[in-house]
Amino acid sequence: MSEIVEPAVPGLFVADEHGARVLGSKCEACGTPYFPKVPVCHNPACPGSRMEPCGFGGRGVVWSYSVANFAPPAPHKYDKPFRPYAIGVVDLASGLRLVGQIVDPPEAVTVGAAVELVIEPLYHEGGKTFTTWKFKLV
Amino acid sequence: MQEVAVLGVGLHRFGKSGDAIVGNKSVTELCRHAVDMALSDAGISWRQVQAVAAASSRFSGGKGWGLNGNDVVEDLGSTGVPVYNLSAGCAAGGNAFNVGYSLVAGGVHDLVLVVGGEVMPKGMIQTSGTEEVTDPEFLRQRCVGMPGPAFWATLARRRMHEFGTTEEQMAKVTVKARQCSVGNPFARFQKAVSLEEVMNSPYVSNPLRLFEICPVSNGAAATILCSAQKARQFTGKPVWVASSAVATLGFDDTLPRNLAGPVPNGPSFHTEVMTAVRKAFERAGVGPRELSFVEMQDNTCYYELAYPEEWGLCEPGEAQYLLEAGETLPTGRMPINPSGGFVSFGEATTAMGVFQIVEATWQLRGQSGGRQVPGAKLGLAQTNGLGGNATAAILKR
């Protein structure tokens with residue numbers, strides 16, 4: 001029996017032959033990146049919104065991180081028993097500062113560490129595996 | 001613009017549902033206690049109040065619509081006064097104060113009640129109120145799982161990296177805060193804690209520990225604001241509002257509040273707080289180093305180190321050494337949260353902006369007992385809340 005894998009929220013990320021990416025947008029007029037997608041640019045100094053879809057993935061650097069030592073309240077979902085995880089704020093080389101769980105043990109994470117974006121399981125429910133974007137130390 | 005005075009203040013001691021302090025009191029009962037105390041302190045009756053500015057709660061009372069000011073008016077007696085219910089997350093009390101101030105300063109009313117009160121649910125505050133995939137906060141919680149303290153822990157970790165701040169130094173903020181609250185009859189926690197006790201408390205979100213993060217509390221605070229003309233009828237020594245400002249965050253804010261943003265070129269600050277505080281300084285015509293004391297939003301000990309630096313009270317990276325030298329105590333040269341702060345009171349979210357005005361007023365009147373800042377002349381009160389809201393007010397005598 002093959003495992004049924006679904007995104008925790010559809011349409012936010014992909015992993016294909018080009019690698020793992022979150023699906024956002026970028027304003028072609030002022031260069032501001034967004035995730036998730038926005039229909040118009042929010043930059044008050046932007047000369048005129050020109051939004052294009054844009055994927056963000058690849059490598060980045062941990063700007064800082066925290067640890068969830070206790071399970072967050074709903075609407076977060078997780079596999080029991082709860083295991084503490086690190087949450088990274090990562091400056092991607094592609095220009096996006098992105099928040100995400102780090103798959104490595106919290107003790108292994110440091111500020112300034114190099115990471116890459118991956119798509120990994122977040123929780124299991126009803127016989128299905130639900131995935132999200134995370135970071136992995138490289 | 002008219003001058004605005006704080007004529008009366010009142011507070012219900014903070015506590016936890018079911019304890020000996022607040023028991024099972026409703027938010028209306030807590031507010032009534034605080035309002036009665038403020039009216040009596042001002043020397044006026046409820047029927048003299050011309051308008052009410054109230055903080056809207058998401059957690060208690062307000063008929064589920066944040067109509068907390070209407071609850072207060074019904075309870076005290078429906079006199080038909082205008083009611084303004086202000087919603088700004090944890091900054092709602094500060095926002096209500098600003099609206100009360102503006103009504104008096106603008107000459108619309110000359111005797112206004114500002115009130116905030118809470119009965120809080122147990123445990124961590126759930127930041128996302130909806131299950132909408134179009135809500136970035138829902139996505140952040142479902143796809144990442146970032147409990148409230150994780151935002152503060154991220155900033156604390158970054159500070160450790162940038163300034164070499166240690167976990168012990170952060171724990172010392174709590175030791176100092178609880179030292180201030182000893183003998184404060186309104187604080188929920190009135191006992192000192194040792195560095196060992198703080199360091200032995202479990203991590204909630206590493207590097208922040210249980211004793212370094214404010215819990216939620218029940219409580220209420222009220223203040224009566226009036227014009228200079230009214231103030232002179234009632235008192236010879238009023239406390240004056242030197243300025244009151246409100247701001248929201250700027251597009252250039254790069255703190256990780258949502259899922260993502262642009263990678264910044266420089267350092268990251270709380271832009272909404274900086275804007276509100278700078279406006280408050282500008283309008284009061286004073287500088288950050290002229291303050292006698294600050295009552296700031298210390299949801300976690302990190303802020304007692306970061307905010308004084310962001311606002312120019314001291315140099316970047318200096319706050320931890322001022323703390324260790326005792327300079328942030330009421331008797332030091334940069335007193336921070338002489339009340340004991342959120343860490344000693346717990347956060348009754350929408351009451352906090354008003355609670356700070358109450359403490360600042362007592363400080364400026366010289367009524368703060370063992371936590372009194374000697375010769376206090378000028379105090380800053382500051383809040384910030386979800387949505388990128390911030391408020392700042394400067395009081396003087």
# chains A, B, ... in the order shown; residues from 1 in each chain; ligands from 1
$ residues_around --residues "region 84-97 of chain A" --least-positions-apart "3" --cutoff "8 Å" --atoms "only C-alpha atoms" --output "PDB file with C-alpha atoms, in the first residue's frame"
ATOM      1  CA  PRO A  33       9.113  39.400  -2.435  1.00  0.00           C
ATOM      2  CA  TYR A  34       5.986  37.958  -0.809  1.00  0.00           C
ATOM      3  CA  PHE A  56      11.507  30.700  -3.274  1.00  0.00           C
ATOM      4  CA  GLY A  57      13.749  27.814  -2.328  1.00  0.00           C
ATOM      5  CA  GLY A  58      17.367  26.764  -2.212  1.00  0.00           C
ATOM      6  CA  ARG A  59      19.821  27.746   0.454  1.00  0.00           C
ATOM      7  CA  GLY A  60      19.824  30.330   3.200  1.00  0.00           C
ATOM      8  CA  VAL A  61      21.303  31.324   6.528  1.00  0.00           C
ATOM      9  CA  VAL A  62      19.641  31.093   9.969  1.00  0.00           C
ATOM     10  CA  TRP A  63      19.096  34.736  11.112  1.00  0.00           C
ATOM     11  CA  SER A  64      17.816  33.411  14.441  1.00  0.00           C
ATOM     12  CA  TYR A  65      15.743  30.563  15.838  1.00  0.00           C
ATOM     13  CA  SER A  66      13.628  29.507  18.802  1.00  0.00           C
ATOM     14  CA  VAL A  67      12.497  26.164  20.178  1.00  0.00           C
ATOM     15  CA  ALA A  68       8.908  25.022  20.695  1.00  0.00           C
ATOM     16  CA  ASN A  69       9.491  23.263  24.030  1.00  0.00           C
ATOM     17  CA  PHE A  70       5.725  22.765  24.420  1.00  0.00           C
ATOM     18  CA  ALA A  71       3.115  21.981  21.783  1.00  0.00           C
ATOM     19  CA  GLY A 100       9.839  27.396   9.169  1.00  0.00           C
ATOM     20  CA  GLN A 101      10.552  24.354  11.313  1.00  0.00           C
ATOM     21  CA  ILE A 102      14.067  22.931  11.201  1.00  0.00           C
ATOM     22  CA  VAL A 103      14.173  19.136  10.835  1.00  0.00           C
ATOM     23  CA  ASP A 104      17.472  18.744  12.752  1.00  0.00           C
ATOM     24  CA  PRO A 105      17.543  18.453  16.579  1.00  0.00           C
ATOM     25  CA  PRO A 106      17.330  21.918  18.250  1.00  0.00           C
ATOM     26  CA  VAL A 109      21.036  24.595  15.274  1.00  0.00           C
ATOM     27  CA  PHE A 135      14.660  23.740   6.672  1.00  0.00           C
TER      28      PHE A 135
ATOM     29  CA  VAL B 144       4.928  26.001  11.205  1.00  0.00           C
ATOM     30  CA  MET B 146       4.965  29.070  16.284  1.00  0.00           C
ATOM     31  CA  ALA B 150       8.601  31.697  20.045  1.00  0.00           C
ATOM     32  CA  THR B 154      13.762  34.268  18.337  1.00  0.00           C
ATOM     33  CA  PRO B 256       9.506  37.809  11.766  1.00  0.00           C
ATOM     34  CA  ALA B 260       7.925  35.858   5.315  1.00  0.00           C
ATOM     35  CA  GLY B 261       9.228  39.231   4.221  1.00  0.00           C
ATOM     36  CA  PRO B 262      12.149  40.750   2.366  1.00  0.00           C
ATOM     37  CA  VAL B 263      15.683  40.116   3.698  1.00  0.00           C
TER      38      VAL B 263
END
$ residues_around --residues "region 14-28 of chain A" --least-positions-apart "4" --cutoff "12 Å" --atoms "only C-alpha atoms" --output "MDAnalysis selection string"
(chainID A and resid 6:10 32:43 46:59 92 94:100 116:120 131:136) or (chainID B and resid 143 259:262)
$ write_last_selection --atoms "C-alpha atoms" --output "mmCIF file, in the first residue's frame"
data_model
loop_
_atom_site.group_PDB
_atom_site.id
_atom_site.type_symbol
_atom_site.label_atom_id
_atom_site.label_comp_id
_atom_site.auth_asym_id
_atom_site.auth_seq_id
_atom_site.Cartn_x
_atom_site.Cartn_y
_atom_site.Cartn_z
ATOM 1 C CA GLU A 6 -0.904 15.687 0.960
ATOM 2 C CA PRO A 7 0.164 19.250 1.725
ATOM 3 C CA ALA A 8 -1.008 20.596 5.121
ATOM 4 C CA VAL A 9 -2.457 23.502 3.126
ATOM 5 C CA PRO A 10 -2.739 23.099 -0.667
ATOM 6 C CA THR A 32 9.531 43.165 -2.982
ATOM 7 C CA PRO A 33 9.113 39.400 -2.435
ATOM 8 C CA TYR A 34 5.986 37.958 -0.809
ATOM 9 C CA PHE A 35 4.935 34.627 0.672
ATOM 10 C CA PRO A 36 2.138 33.699 0.576
ATOM 11 C CA LYS A 37 1.105 35.348 -2.695
ATOM 12 C CA VAL A 38 -0.519 38.768 -2.562
ATOM 13 C CA PRO A 39 -2.625 40.276 -5.337
ATOM 14 C CA VAL A 40 -1.107 43.779 -5.077
ATOM 15 C CA CYS A 41 2.169 45.179 -3.772
ATOM 16 C CA HIS A 42 1.998 46.477 -0.159
ATOM 17 C CA ASN A 43 5.052 48.729 -0.411
ATOM 18 C CA CYS A 46 6.210 51.253 -4.871
ATOM 19 C CA PRO A 47 5.698 53.224 -8.100
ATOM 20 C CA GLY A 48 2.991 50.807 -9.315
ATOM 21 C CA SER A 49 2.242 47.209 -8.415
ATOM 22 C CA ARG A 50 3.304 44.572 -10.969
ATOM 23 C CA MET A 51 2.937 41.212 -9.249
ATOM 24 C CA GLU A 52 4.315 38.009 -10.765
ATOM 25 C CA PRO A 53 4.262 34.486 -9.291
ATOM 26 C CA CYS A 54 7.648 33.560 -7.812
ATOM 27 C CA GLY A 55 8.989 30.433 -6.119
ATOM 28 C CA PHE A 56 11.507 30.700 -3.274
ATOM 29 C CA GLY A 57 13.749 27.814 -2.328
ATOM 30 C CA GLY A 58 17.367 26.764 -2.212
ATOM 31 C CA ARG A 59 19.821 27.746 0.454
ATOM 32 C CA LEU A 92 17.182 32.782 1.758
ATOM 33 C CA SER A 94 16.697 34.284 -3.175
ATOM 34 C CA GLY A 95 15.802 37.357 -1.064
ATOM 35 C CA LEU A 96 13.052 36.072 1.217
ATOM 36 C CA ARG A 97 13.244 35.967 5.040
ATOM 37 C CA LEU A 98 11.119 32.899 5.784
ATOM 38 C CA VAL A 99 9.935 31.181 8.973
ATOM 39 C CA GLY A 100 9.839 27.396 9.169
ATOM 40 C CA GLU A 116 18.191 24.487 2.620
ATOM 41 C CA LEU A 117 14.447 24.422 2.042
ATOM 42 C CA VAL A 118 12.825 20.964 2.052
ATOM 43 C CA ILE A 119 9.277 19.579 2.001
ATOM 44 C CA GLU A 120 8.796 17.201 4.957
ATOM 45 C CA THR A 131 3.578 17.898 4.625
ATOM 46 C CA THR A 132 4.907 21.428 4.974
ATOM 47 C CA TRP A 133 8.048 23.405 4.123
ATOM 48 C CA LYS A 134 10.934 23.064 6.562
ATOM 49 C CA PHE A 135 14.660 23.740 6.672
ATOM 50 C CA LYS A 136 17.519 21.267 6.895
ATOM 51 C CA CYS B 143 2.200 24.994 8.730
ATOM 52 C CA LEU B 259 5.553 33.873 7.477
ATOM 53 C CA ALA B 260 7.925 35.858 5.315
ATOM 54 C CA GLY B 261 9.228 39.231 4.221
ATOM 55 C CA PRO B 262 12.149 40.750 2.366
#
$ select_by_dssp --residues "region 17-74 of chain B" --states "alpha helix (DSSP H)" --output "list in words"
Val27, Thr28, Glu29, Leu30, Cys31, Arg32, His33, Ala34, Val35, Asp36, Met37, Ala38, Leu39, Ser40, Asp41, Ala42, Asn68, Gly69, Asn70, Asp71, Val72, Val73 and Glu74 of chain B
$ closest_residue --among "A:Leu122, A:Gly127, A:Leu137, A:Cys30" --to "His76 (chain A)" --atoms "only C-alpha atoms"
A:Leu122
$ select_by_dssp --residues "chain A" --states "strand (DSSP E)" --output "ChimeraX atom specification"
/A:4-7,13-16,19-27,33-34,51-57,59-68,85-92,96-102,114-125,128-137
$ atom_distance --atom1 "CA of Tyr123 (chain A)" --atom2 "CA of Gly11 (chain A)"
17.6 Å
$ closest_residue --among "B:Gly219, B:Gly116, B:Gly236, B:Pro202" --to "chain A" --atoms "only C-alpha atoms"
B:Pro202
$ residues_around --residues "Ala91 (chain B)" --least-positions-apart "5" --cutoff "7 Å" --atoms "only C-alpha atoms" --output "ChimeraX atom specification"
/B:350,353,383-385,389-391
$ closest_residue --among "B:His12, B:Lys63, B:Arg209, B:Arg58" --to "chain A" --atoms "only C-alpha atoms"
B:Arg209
$ residues_around --residues "Phe342 (chain B)" --least-positions-apart "4" --cutoff "10 Å" --atoms "only C-alpha atoms" --output "number ranges by chain"
B: 177, 187-188, 213-217, 295-301, 337, 346-349, 352, 356
$ atom_distance --atom1 "CA of Val108 (chain B)" --atom2 "CA of Val239 (chain B)"
20.4 Å
$ closest_residue --among "B:Gly80, B:Gly94, B:Pro136, B:Pro316" --to "chain A" --atoms "only C-alpha atoms"
B:Pro136
